[in-house]
>>> print(open('data07.txt').read())   # compact mmCIF, C-alpha atoms and all ligand atoms
# COMPACT_ATOMS: atom_id res chain seq x y z
CA MET A 1 13.41 0.95 60.59
CA ASN A 2 13.83 -0.64 57.20
CA SER A 3 12.48 -4.08 56.47
CA MET A 4 16.01 -5.59 56.55
CA ALA A 5 16.24 -4.57 60.18
CA GLU A 6 12.84 -6.19 60.80
CA GLY A 7 14.22 -9.44 59.37
CA LYS A 8 12.47 -9.24 55.98
CA LYS A 9 14.54 -9.14 52.83
CA ASP A 10 14.39 -5.91 50.86
CA ILE A 11 13.11 -6.39 47.32
CA THR A 12 15.01 -4.36 44.75
CA ILE A 13 13.36 -3.90 41.35
CA LEU A 14 14.89 -2.56 38.15
CA GLY A 15 12.14 -0.78 36.19
CA ILE A 16 12.32 -0.16 32.43
CA GLU A 17 9.97 2.10 30.43
CA SER A 18 10.02 2.86 26.68
CA SER A 19 6.36 3.02 25.62
CA CYS A 20 6.46 6.46 23.98
CA ASP A 21 9.17 9.13 23.82
CA GLU A 22 11.00 8.67 27.12
CA THR A 23 13.71 6.04 27.58
CA ALA A 24 13.72 5.38 31.30
CA ALA A 25 15.18 3.04 33.93
CA ALA A 26 14.94 3.14 37.72
CA VAL A 27 15.93 1.18 40.79
CA VAL A 28 13.26 1.02 43.51
CA VAL A 29 13.38 -0.81 46.86
CA ASN A 30 10.20 -2.32 48.33
CA GLY A 31 8.05 -0.51 45.79
CA ARG A 32 8.33 2.93 47.32
CA ASP A 33 11.95 3.83 47.97
CA VAL A 34 13.41 5.28 44.75
CA LEU A 35 17.20 4.86 44.56
CA SER A 36 17.43 6.19 41.01
CA ASN A 37 15.06 7.43 38.29
CA GLU A 38 16.85 8.01 34.97
CA ILE A 39 14.84 9.57 32.14
CA SER A 40 16.23 10.31 28.70
CA SER A 41 13.62 12.42 26.91
CA GLN A 42 13.31 12.61 23.14
CA ILE A 43 11.14 15.75 23.23
CA ASP A 44 13.78 17.90 21.51
CA ILE A 45 13.80 15.60 18.46
CA HIS A 46 10.01 15.13 18.16
CA THR A 47 9.45 18.88 18.60
CA LEU A 48 10.95 19.31 15.11
CA TYR A 49 8.01 17.30 13.70
CA GLY A 50 5.24 18.68 15.95
CA GLY A 51 4.58 15.31 17.61
CA VAL A 52 6.01 11.86 18.32
CA VAL A 53 7.29 10.08 15.19
CA PRO A 54 7.07 6.35 16.08
CA GLU A 55 9.99 5.16 13.93
CA ILE A 56 12.31 7.83 15.32
CA ALA A 57 11.16 7.00 18.87
CA SER A 58 12.09 3.31 18.40
CA ARG A 59 15.52 4.17 17.02
CA LYS A 60 16.30 6.59 19.83
CA HIS A 61 15.23 4.03 22.43
CA THR A 62 17.60 1.51 20.84
CA GLU A 63 20.47 3.99 20.97
CA ARG A 64 19.87 4.96 24.59
CA ILE A 65 18.41 2.03 26.49
CA ASN A 66 21.63 0.32 27.61
CA GLN A 67 23.20 3.55 28.74
CA VAL A 68 20.06 4.58 30.67
CA ILE A 69 19.88 1.20 32.46
CA ARG A 70 23.60 1.35 33.31
CA GLU A 71 23.18 4.88 34.65
CA ALA A 72 20.15 3.91 36.77
CA LEU A 73 22.19 1.12 38.41
CA ARG A 74 25.19 3.42 38.91
CA GLN A 75 23.09 6.22 40.45
CA ALA A 76 21.48 3.67 42.78
CA ASP A 77 24.90 2.25 43.66
CA ARG A 78 23.63 -1.24 42.77
CA THR A 79 24.69 -3.93 40.29
CA LEU A 80 22.55 -6.54 38.53
CA ASP A 81 23.53 -8.93 41.36
CA ASP A 82 21.35 -6.84 43.70
CA ILE A 83 18.27 -6.91 41.46
CA ASP A 84 15.43 -9.26 42.53
CA ALA A 85 13.24 -8.66 39.48
CA ILE A 86 13.04 -6.63 36.29
CA ALA A 87 9.74 -4.84 35.67
CA VAL A 88 9.12 -3.60 32.15
CA THR A 89 6.25 -1.80 30.41
CA TYR A 90 4.82 -4.15 27.75
CA GLY A 91 1.76 -2.09 26.80
CA PRO A 92 -0.10 -0.01 25.90
CA GLY A 93 2.06 2.25 23.73
CA LEU A 94 3.90 2.40 20.42
CA VAL A 95 4.76 -1.14 19.41
CA GLY A 96 8.28 -0.42 18.15
CA ALA A 97 9.07 1.69 21.20
CA LEU A 98 7.70 -0.90 23.65
CA LEU A 99 9.69 -3.66 21.95
CA VAL A 100 12.99 -1.98 22.79
CA GLY A 101 12.33 -2.00 26.55
CA VAL A 102 10.80 -5.47 26.49
CA SER A 103 13.77 -6.89 24.53
CA ALA A 104 16.32 -5.27 26.84
CA ALA A 105 14.48 -6.58 29.92
CA LYS A 106 14.22 -10.10 28.49
CA ALA A 107 17.90 -10.14 27.52
CA ILE A 108 19.06 -9.12 31.01
CA SER A 109 16.57 -11.46 32.66
CA PHE A 110 17.80 -14.40 30.57
CA ALA A 111 21.51 -13.62 30.86
CA ARG A 112 21.43 -13.10 34.63
CA ASP A 113 18.52 -15.37 35.56
CA ILE A 114 16.54 -12.52 37.10
CA PRO A 115 12.72 -12.84 37.25
CA LEU A 116 10.85 -10.80 34.63
CA ILE A 117 7.55 -8.97 35.21
CA GLY A 118 5.55 -7.29 32.43
CA VAL A 119 3.80 -4.14 33.67
CA HIS A 120 0.81 -2.25 32.29
CA HIS A 121 1.76 1.37 31.61
CA ILE A 122 -1.41 2.81 33.22
CA GLU A 123 -0.88 0.64 36.29
CA GLY A 124 2.53 2.31 36.45
CA HIS A 125 1.01 5.81 36.29
CA ILE A 126 -1.42 4.95 39.11
CA SER A 127 1.45 3.49 41.16
CA ALA A 128 3.41 6.78 41.00
CA ASN A 129 1.09 7.82 43.82
CA PHE A 130 2.47 5.05 46.08
CA ILE A 131 5.95 6.50 45.65
CA ALA A 132 4.83 10.06 46.35
CA ALA A 133 2.68 9.16 49.37
CA LYS A 134 4.26 6.40 51.43
CA ASP A 135 1.06 5.96 53.47
CA LEU A 136 -1.32 5.59 50.51
CA GLU A 137 -3.04 2.21 50.33
CA PRO A 138 -5.99 1.10 48.16
CA PRO A 139 -8.91 1.50 47.89
CA PHE A 140 -9.00 4.93 46.26
CA MET A 141 -10.44 6.66 43.21
CA CYS A 142 -7.89 7.62 40.53
CA LEU A 143 -8.09 9.84 37.47
CA VAL A 144 -5.44 8.81 34.93
CA VAL A 145 -4.87 11.51 32.33
CA SER A 146 -2.05 11.23 29.83
CA GLY A 147 -1.25 11.75 26.16
CA GLY A 148 -2.90 8.47 25.22
CA HIS A 149 -5.36 7.77 28.05
CA THR A 150 -8.16 9.27 30.08
CA HIS A 151 -9.48 6.76 32.60
CA LEU A 152 -11.46 7.08 35.78
CA VAL A 153 -10.44 4.07 37.84
CA ASN A 154 -11.68 2.64 41.10
CA VAL A 155 -8.46 1.16 42.56
CA LYS A 156 -9.89 -1.61 44.73
CA ASP A 157 -6.60 -3.22 45.73
CA TYR A 158 -3.03 -3.46 44.44
CA GLY A 159 -3.44 -4.48 40.80
CA VAL A 160 -7.24 -4.70 41.05
CA TYR A 161 -9.03 -2.08 38.99
CA GLU A 162 -12.58 -1.21 38.03
CA ILE A 163 -12.67 1.20 35.11
CA LEU A 164 -15.65 3.51 35.63
CA GLY A 165 -15.11 5.82 32.67
CA ARG A 166 -12.82 6.42 29.74
CA THR A 167 -12.56 8.79 26.81
CA GLN A 168 -14.73 8.02 23.81
CA ASP A 169 -12.39 9.88 21.46
CA ASP A 170 -9.30 12.03 22.20
CA ALA A 171 -7.31 11.64 25.40
CA ALA A 172 -7.02 14.76 27.57
CA GLY A 173 -3.30 15.16 26.78
CA GLU A 174 -3.98 14.70 23.08
CA ALA A 175 -6.49 17.58 23.22
CA PHE A 176 -3.87 19.75 24.94
CA ASP A 177 -1.31 18.85 22.25
CA LYS A 178 -3.71 19.50 19.33
CA VAL A 179 -5.00 22.83 20.65
CA ALA A 180 -1.44 23.96 21.44
CA ARG A 181 -0.45 23.27 17.85
CA ALA A 182 -3.47 25.22 16.56
CA ILE A 183 -2.59 28.31 18.60
CA GLY A 184 1.05 28.09 17.60
CA LEU A 185 2.55 26.93 20.89
CA GLY A 186 4.07 23.74 19.46
CA TYR A 187 4.87 20.37 21.03
CA PRO A 188 4.45 19.16 23.76
CA GLY A 189 1.27 21.18 24.19
CA GLY A 190 0.34 20.46 27.80
CA PRO A 191 3.12 22.33 29.59
CA LYS A 192 2.97 25.19 27.06
CA ILE A 193 -0.79 25.70 27.48
CA ASP A 194 -0.37 25.46 31.25
CA LYS A 195 2.22 28.28 31.11
CA ALA A 196 0.33 30.50 28.62
CA ALA A 197 -2.92 30.07 30.59
CA LYS A 198 -1.33 31.73 33.62
CA GLU A 199 -1.44 35.05 31.71
CA GLY A 200 -4.99 34.49 30.39
CA ASN A 201 -8.60 34.73 31.58
CA PRO A 202 -10.29 31.30 31.90
CA GLN A 203 -13.70 32.99 31.62
CA ALA A 204 -12.85 34.99 28.46
CA LEU A 205 -14.32 32.39 26.08
CA HIS A 206 -16.89 29.69 26.65
CA PHE A 207 -16.03 26.32 25.15
CA PRO A 208 -18.37 23.30 25.51
CA ARG A 209 -17.99 20.78 28.33
CA GLY A 210 -18.25 17.47 26.45
CA LYS A 211 -21.05 15.07 27.34
CA VAL A 212 -21.30 11.52 25.99
CA GLY A 213 -24.02 8.92 25.85
CA GLY A 214 -22.10 5.93 27.28
CA SER A 215 -21.19 5.62 30.95
CA ARG A 216 -21.94 8.79 32.94
CA TYR A 217 -18.23 8.82 33.78
CA ASP A 218 -17.04 8.66 30.16
CA PHE A 219 -15.24 11.61 28.62
CA SER A 220 -15.17 13.28 25.21
CA PHE A 221 -12.70 15.93 24.14
CA SER A 222 -13.06 16.01 20.36
CA GLY A 223 -16.05 18.40 20.47
CA LEU A 224 -14.09 20.79 22.66
CA LYS A 225 -11.10 20.59 20.35
CA SER A 226 -13.32 21.31 17.31
CA ALA A 227 -14.95 24.25 19.11
CA VAL A 228 -11.52 25.79 19.73
CA LEU A 229 -10.48 25.21 16.09
CA ASN A 230 -13.76 26.72 14.82
CA TYR A 231 -13.29 29.75 17.05
CA LEU A 232 -9.74 30.25 15.75
CA ASN A 233 -10.90 29.94 12.10
CA THR A 234 -13.77 32.39 12.58
CA GLU A 235 -11.55 34.97 14.27
CA ARG A 236 -8.79 34.62 11.66
CA MET A 237 -11.26 34.91 8.76
CA ALA A 238 -12.71 38.06 10.33
CA GLY A 239 -9.20 39.45 10.71
CA ARG A 240 -9.51 39.72 14.49
CA GLU A 241 -6.53 39.22 16.74
CA ILE A 242 -6.48 36.08 18.88
CA SER A 243 -5.40 36.22 22.51
CA VAL A 244 -3.33 33.04 22.93
CA PRO A 245 -3.36 33.27 26.76
CA ASP A 246 -7.18 33.65 26.81
CA VAL A 247 -7.73 30.71 24.43
CA ALA A 248 -5.26 28.59 26.44
CA ALA A 249 -6.86 29.50 29.79
CA SER A 250 -10.45 29.02 28.56
CA PHE A 251 -9.67 25.68 26.88
CA GLN A 252 -7.78 24.46 29.95
CA GLN A 253 -10.70 25.48 32.19
CA ALA A 254 -13.13 23.44 30.06
CA VAL A 255 -10.89 20.34 30.32
CA VAL A 256 -10.40 20.78 34.06
CA ASP A 257 -14.16 21.29 34.67
CA VAL A 258 -15.00 18.05 32.86
CA LEU A 259 -12.20 16.01 34.47
CA VAL A 260 -12.84 17.18 38.01
CA GLY A 261 -16.63 17.15 37.56
CA HIS A 262 -16.74 13.49 36.46
CA ALA A 263 -14.16 12.44 39.02
CA MET A 264 -16.04 14.05 41.90
CA GLU A 265 -19.32 12.44 40.79
CA ALA A 266 -17.57 9.08 41.14
CA VAL A 267 -15.96 10.05 44.46
CA ASP A 268 -19.41 10.99 45.81
CA GLU A 269 -21.22 7.97 44.38
CA TYR A 270 -18.63 5.47 45.68
CA HIS A 271 -18.02 7.35 48.94
CA ALA A 272 -14.29 7.26 48.16
CA PRO A 273 -12.28 8.60 51.09
CA LYS A 274 -9.21 9.20 48.88
CA PHE A 275 -8.74 10.61 45.39
CA ALA A 276 -5.54 10.53 43.32
CA ILE A 277 -4.52 11.87 39.92
CA ALA A 278 -1.89 10.35 37.63
CA GLY A 279 -0.34 10.66 34.15
CA GLY A 280 1.31 13.53 32.28
CA VAL A 281 -1.73 15.83 32.41
CA ALA A 282 -1.81 15.40 36.21
CA SER A 283 1.13 17.82 36.29
CA ASN A 284 -1.22 20.55 35.01
CA SER A 285 -1.32 23.30 37.63
CA ALA A 286 -5.02 24.21 37.10
CA LEU A 287 -6.09 20.56 37.36
CA ARG A 288 -4.08 20.03 40.54
CA ARG A 289 -5.57 23.17 42.11
CA ALA A 290 -9.17 22.36 41.13
CA ALA A 291 -8.93 18.71 42.23
CA GLU A 292 -7.37 19.66 45.55
CA GLU A 293 -10.10 22.25 46.17
CA ALA A 294 -12.93 19.84 45.25
CA CYS A 295 -11.46 17.22 47.61
CA ARG A 296 -11.07 19.74 50.42
CA GLU A 297 -14.75 20.69 50.12
CA ARG A 298 -15.71 17.02 50.54
CA GLY A 299 -13.23 16.09 53.26
CA VAL A 300 -11.58 13.67 50.81
CA THR A 301 -7.79 13.19 51.00
CA PHE A 302 -6.14 14.31 47.76
CA TYR A 303 -3.00 12.71 46.31
CA CYS A 304 -0.91 13.80 43.35
CA PRO A 305 2.65 12.83 42.45
CA PRO A 306 5.25 15.55 41.75
CA PRO A 307 5.35 16.40 38.00
CA ILE A 308 8.48 14.26 37.40
CA LEU A 309 6.52 11.17 38.53
CA CYS A 310 3.39 12.20 36.54
CA THR A 311 5.04 12.09 33.11
CA ASP A 312 6.56 8.84 31.86
CA ASN A 313 9.25 7.36 34.11
CA ALA A 314 10.46 3.92 35.17
CA ALA A 315 10.20 4.35 38.97
CA MET A 316 6.41 4.02 38.64
CA ILE A 317 6.90 0.84 36.57
CA ALA A 318 9.23 -0.62 39.22
CA CYS A 319 6.66 0.24 41.91
CA ALA A 320 3.81 -1.47 40.02
CA GLY A 321 6.18 -4.39 39.34
CA TYR A 322 6.90 -4.75 43.06
CA TYR A 323 3.23 -5.33 43.92
CA GLU A 324 2.96 -7.83 41.04
CA TYR A 325 6.14 -9.52 42.36
CA LEU A 326 4.56 -9.90 45.81
CA LYS A 327 1.50 -11.51 44.18
CA GLY A 328 3.78 -14.01 42.41
CA THR A 329 3.33 -12.60 38.89
CA ARG A 330 6.19 -13.65 36.61
CA SER A 331 6.46 -13.24 32.83
CA GLY A 332 8.03 -15.75 30.46
CA TYR A 333 10.51 -15.09 27.69
CA ASP A 334 7.53 -15.03 25.34
CA LEU A 335 6.57 -11.63 26.82
CA ASN A 336 5.68 -9.43 23.86
CA ALA A 337 4.81 -5.78 23.32
CA VAL A 338 1.02 -5.33 23.33
CA PRO A 339 0.22 -1.85 21.95
CA GLY A 340 -3.51 -2.01 22.83
CA LEU A 341 -3.21 -3.79 26.21
CA ALA A 342 -6.30 -3.21 28.38
CA LEU A 343 -5.99 -2.36 32.08
CA GLY A 344 -6.39 -5.43 34.27
CA GLU A 345 -5.57 -7.76 31.35
CA ARG A 346 -2.59 -10.19 31.56
O1 LIG A 401 2.00 10.30 30.79
P1 LIG A 401 2.70 10.96 29.67
O2 LIG A 401 4.11 11.43 29.89
O3 LIG A 401 2.74 10.03 28.41
C1 LIG A 401 1.69 9.18 28.06
O4 LIG A 401 1.59 8.08 28.65
O5 LIG A 401 0.91 9.62 27.17
O6 LIG A 401 1.76 12.17 29.21
C2 LIG A 401 2.14 13.05 28.21
C3 LIG A 401 1.00 14.04 28.01
C4 LIG A 401 1.19 14.94 26.80
O7 LIG A 401 -0.01 14.99 26.06
C5 LIG A 401 1.49 16.30 27.45
O8 LIG A 401 1.07 17.39 26.66
C6 LIG A 401 0.69 16.21 28.74
O9 LIG A 401 0.88 14.88 29.16
N1 LIG A 401 1.18 17.13 29.77
C7 LIG A 401 0.43 18.13 30.27
C8 LIG A 401 1.26 18.85 31.15
N2 LIG A 401 2.49 18.24 31.19
C9 LIG A 401 2.41 17.17 30.34
N3 LIG A 401 -0.84 18.49 30.01
C10 LIG A 401 -1.32 19.59 30.66
N4 LIG A 401 -0.59 20.33 31.50
C11 LIG A 401 0.71 20.01 31.80
N5 LIG A 401 1.42 20.75 32.64
ZN ZN A 402 2.38 7.59 30.22
>>> encode(input="data07.txt", output="structure tokens")
Amino acid sequence: MNSMAEGKKDITILGIESSCDETAAAVVVNGRDVLSNEISSQIDIHTLYGGVVPEIASRKHTERINQVIREALRQADRTLDDIDAIAVTYGPGLVGALLVGVSAAKAISFARDIPLIGVHHIEGHISANFIAAKDLEPPFMCLVVSGGHTHLVNVKDYGVYEILGRTQDDAAGEAFDKVARAIGLGYPGGPKIDKAAKEGNPQALHFPRGKVGGSRYDFSFSGLKSAVLNYLNTERMAGREISVPDVAASFQQAVVDVLVGHAMEAVDEYHAPKFAIAGGVASNSALRRAAEEACRERGVTFYCPPPILCTDNAAMIACAGYYEYLKGTRSGYDLNAVPGLALGER
């Protein structure tokens, strides 16, 4: 029975996301029912440069945003008259890229008098789990691993977060992208390393599992990245052939060991009954397998969104926006892009 039938009004949210290299819009009902999830990726353009070029990203967002929003409404068979609120990513991310989504959301909100809600990008990634698992409710432990972020978060309630650990240097996805470039796989590195690693031996080479002095849950990936680069240099100087699949598999194993190791320490310490992963790197097949296995051993329920909801999308932003909407959060027309926005900050 839907909530209309129960006498409650359905809440329909238009989500907009443009923080990096995906222009995305989605229509989501009651936070979890995705009517449309349009994603226009710029990967093909940025691949030419080996990584995201911020100025190009902003321009492409500007070219595509209106069309993507229109398509999301069309696919959902809804018009702006049906939209109860517009949720938009306002940080963290590339400032010029964020500004395109924020400006579009503000313009529609103003023109049609639709409430506006600024959403934190990481809160969106975490919320992708609510879409994938309709029964998931906080509290749960969540590992957020993307191109720009590596956070271990205790999700205490909707929109209430305790950050237990974060990376002290490179994000997990950034390490994937840099190592992929060094072994000639190109951009974006994560999916390419994931694929190459399937043909390789994860035990072939031993790379360090980064330890840091800060919180016991903090991460460090720059030492691992340097170890891989040093290994490649040494082998090349000695004229030895490099096995790309073995380097990919061994590097990936080191990342997965650290991510799952830290996450499970937190799960044990906090007696978390549920563990979720989120963000682009959460689509990594080795990470998903290892996290699922570690949870099974502990009797902890494991959650992970399908890959399309792990990488950047607007359905997750609409979902996070829905829970903010229920709490009464509304943004003004002074909403601005905040590239370094911290989780839990408003
Ligand atoms: O969440 P996301 O789409 O954007 C950010 O918010 O950063 O994450 C993109 C990151 C990139 O670094 C990409 O290489 C990585 O996620 N990624 C993966 C995989 N798919 C995407 N990393 C490892 N394995 C994958 N299968
Ligand atoms: Zn992201």
>>> residues_near_ligand(input="data07.txt", ligand="ligand LIG 401 (chain A)", cutoff="6 Å", atoms="all atoms listed in the file", output="number ranges by chain")
A: 146-148, 173-174, 176-177, 188-191, 194, 279-281, 283-284, 311-312
>>> atom_distance(input="data07.txt", atom1="CA of Glu199 in chain A", atom2="CA of Val258 in chain A")
21.8 Å
>>> closest_residue(input="data07.txt", among="A:Asn336, A:Ile131, A:Ala107, A:Pro54", to="Ala314 in chain A", atoms="all atoms listed in the file")
A:Ile131
>>> atom_distance(input="data07.txt", atom1="CA of Leu164 in chain A", atom2="CA of Phe130 in chain A")
21.0 Å
>>> residues_around(input="data07.txt", residues="range 79-88 of chain A", least_positions_apart="6", cutoff="9 Å", atoms="all atoms listed in the file", output="PyMOL selection string")
chain A and resi 11-18+27+70+73+101-102+105-106+108-109+112+114-121+314+317-322+325
>>> atom_distance(input="data07.txt", atom1="CA of Ile193 in chain A", atom2="CA of Ala249 in chain A")
7.5 Å
>>> residues_around(input="data07.txt", residues="Ser250 in chain A", least_positions_apart="3", cutoff="6 Å", atoms="only C-alpha atoms", output="PyMOL selection string")
chain A and resi 202-203+205+246-247+253
>>> closest_residue(input="data07.txt", among="A:Asp218, A:Asp334, A:Glu137, A:Glu63", to="Glu265 in chain A", atoms="all atoms listed in the file")
A:Asp218
>>> build_atoms(input="data07.txt", residues="range 319-343 of chain A", atoms="N, CA, C and O atoms", output="compact mmCIF listing (two decimals), in the frame of the given file")
# COMPACT_ATOMS: atom_id res chain seq x y z
N CYS A 319 7.60 0.29 40.78
CA CYS A 319 6.66 0.24 41.91
C CYS A 319 5.50 -0.72 41.59
O CYS A 319 5.19 -1.62 42.39
N ALA A 320 4.90 -0.56 40.41
CA ALA A 320 3.81 -1.47 40.02
C ALA A 320 4.33 -2.91 39.95
O ALA A 320 3.66 -3.85 40.38
N GLY A 321 5.56 -3.07 39.45
CA GLY A 321 6.18 -4.39 39.34
C GLY A 321 6.38 -5.04 40.70
O GLY A 321 6.24 -6.26 40.86
N TYR A 322 6.69 -4.23 41.70
CA TYR A 322 6.90 -4.75 43.06
C TYR A 322 5.63 -5.42 43.59
O TYR A 322 5.67 -6.53 44.13
N TYR A 323 4.47 -4.74 43.40
CA TYR A 323 3.23 -5.33 43.92
C TYR A 323 2.84 -6.57 43.13
O TYR A 323 2.26 -7.51 43.69
N GLU A 324 3.18 -6.61 41.84
CA GLU A 324 2.96 -7.83 41.04
C GLU A 324 3.90 -8.93 41.53
O GLU A 324 3.53 -10.10 41.62
N TYR A 325 5.13 -8.56 41.86
CA TYR A 325 6.14 -9.52 42.36
C TYR A 325 5.62 -10.19 43.65
O TYR A 325 5.70 -11.40 43.80
N LEU A 326 5.07 -9.35 44.55
CA LEU A 326 4.56 -9.90 45.81
C LEU A 326 3.40 -10.88 45.57
O LEU A 326 3.22 -11.82 46.33
N LYS A 327 2.63 -10.62 44.50
CA LYS A 327 1.50 -11.51 44.18
C LYS A 327 1.96 -12.79 43.47
O LYS A 327 1.17 -13.67 43.18
N GLY A 328 3.25 -12.83 43.10
CA GLY A 328 3.78 -14.01 42.41
C GLY A 328 3.73 -13.92 40.89
O GLY A 328 4.00 -14.91 40.21
N THR A 329 3.38 -12.75 40.36
CA THR A 329 3.33 -12.60 38.89
C THR A 329 4.73 -12.69 38.30
O THR A 329 5.65 -12.02 38.76
N ARG A 330 4.90 -13.56 37.33
CA ARG A 330 6.19 -13.65 36.61
C ARG A 330 5.87 -13.79 35.13
O ARG A 330 4.92 -14.48 34.75
N SER A 331 6.67 -13.13 34.27
CA SER A 331 6.46 -13.24 32.83
C SER A 331 7.48 -14.19 32.25
O SER A 331 8.60 -14.31 32.77
N GLY A 332 7.11 -14.84 31.14
CA GLY A 332 8.03 -15.75 30.46
C GLY A 332 8.82 -15.00 29.40
O GLY A 332 8.59 -13.81 29.15
N TYR A 333 9.72 -15.73 28.75
CA TYR A 333 10.51 -15.09 27.69
C TYR A 333 9.68 -14.88 26.42
O TYR A 333 10.18 -14.32 25.45
N ASP A 334 8.43 -15.32 26.47
CA ASP A 334 7.53 -15.03 25.34
C ASP A 334 6.82 -13.69 25.54
O ASP A 334 5.94 -13.33 24.76
N LEU A 335 7.19 -12.95 26.59
CA LEU A 335 6.57 -11.63 26.82
C LEU A 335 6.74 -10.79 25.56
O LEU A 335 7.85 -10.67 25.03
N ASN A 336 5.64 -10.21 25.09
CA ASN A 336 5.68 -9.43 23.86
C ASN A 336 5.12 -8.04 24.12
O ASN A 336 4.41 -7.82 25.10
N ALA A 337 5.42 -7.10 23.24
CA ALA A 337 4.81 -5.78 23.32
C ALA A 337 3.36 -5.89 22.89
O ALA A 337 3.06 -6.51 21.87
N VAL A 338 2.44 -5.30 23.68
CA VAL A 338 1.02 -5.33 23.33
C VAL A 338 0.52 -3.88 23.27
O VAL A 338 0.17 -3.30 24.29
N PRO A 339 0.52 -3.29 22.05
CA PRO A 339 0.22 -1.85 21.95
C PRO A 339 -1.15 -1.45 22.48
O PRO A 339 -1.31 -0.36 23.00
N GLY A 340 -2.15 -2.37 22.39
CA GLY A 340 -3.51 -2.01 22.83
C GLY A 340 -3.90 -2.69 24.13
O GLY A 340 -5.09 -2.88 24.38
N LEU A 341 -2.93 -3.05 24.97
CA LEU A 341 -3.21 -3.79 26.21
C LEU A 341 -4.24 -3.06 27.08
O LEU A 341 -4.12 -1.87 27.34
N ALA A 342 -5.26 -3.81 27.53
CA ALA A 342 -6.30 -3.21 28.38
C ALA A 342 -5.88 -3.31 29.85
O ALA A 342 -5.18 -4.24 30.24
N LEU A 343 -6.34 -2.36 30.65
CA LEU A 343 -5.99 -2.36 32.08
C LEU A 343 -6.65 -3.56 32.76
O LEU A 343 -7.83 -3.83 32.55
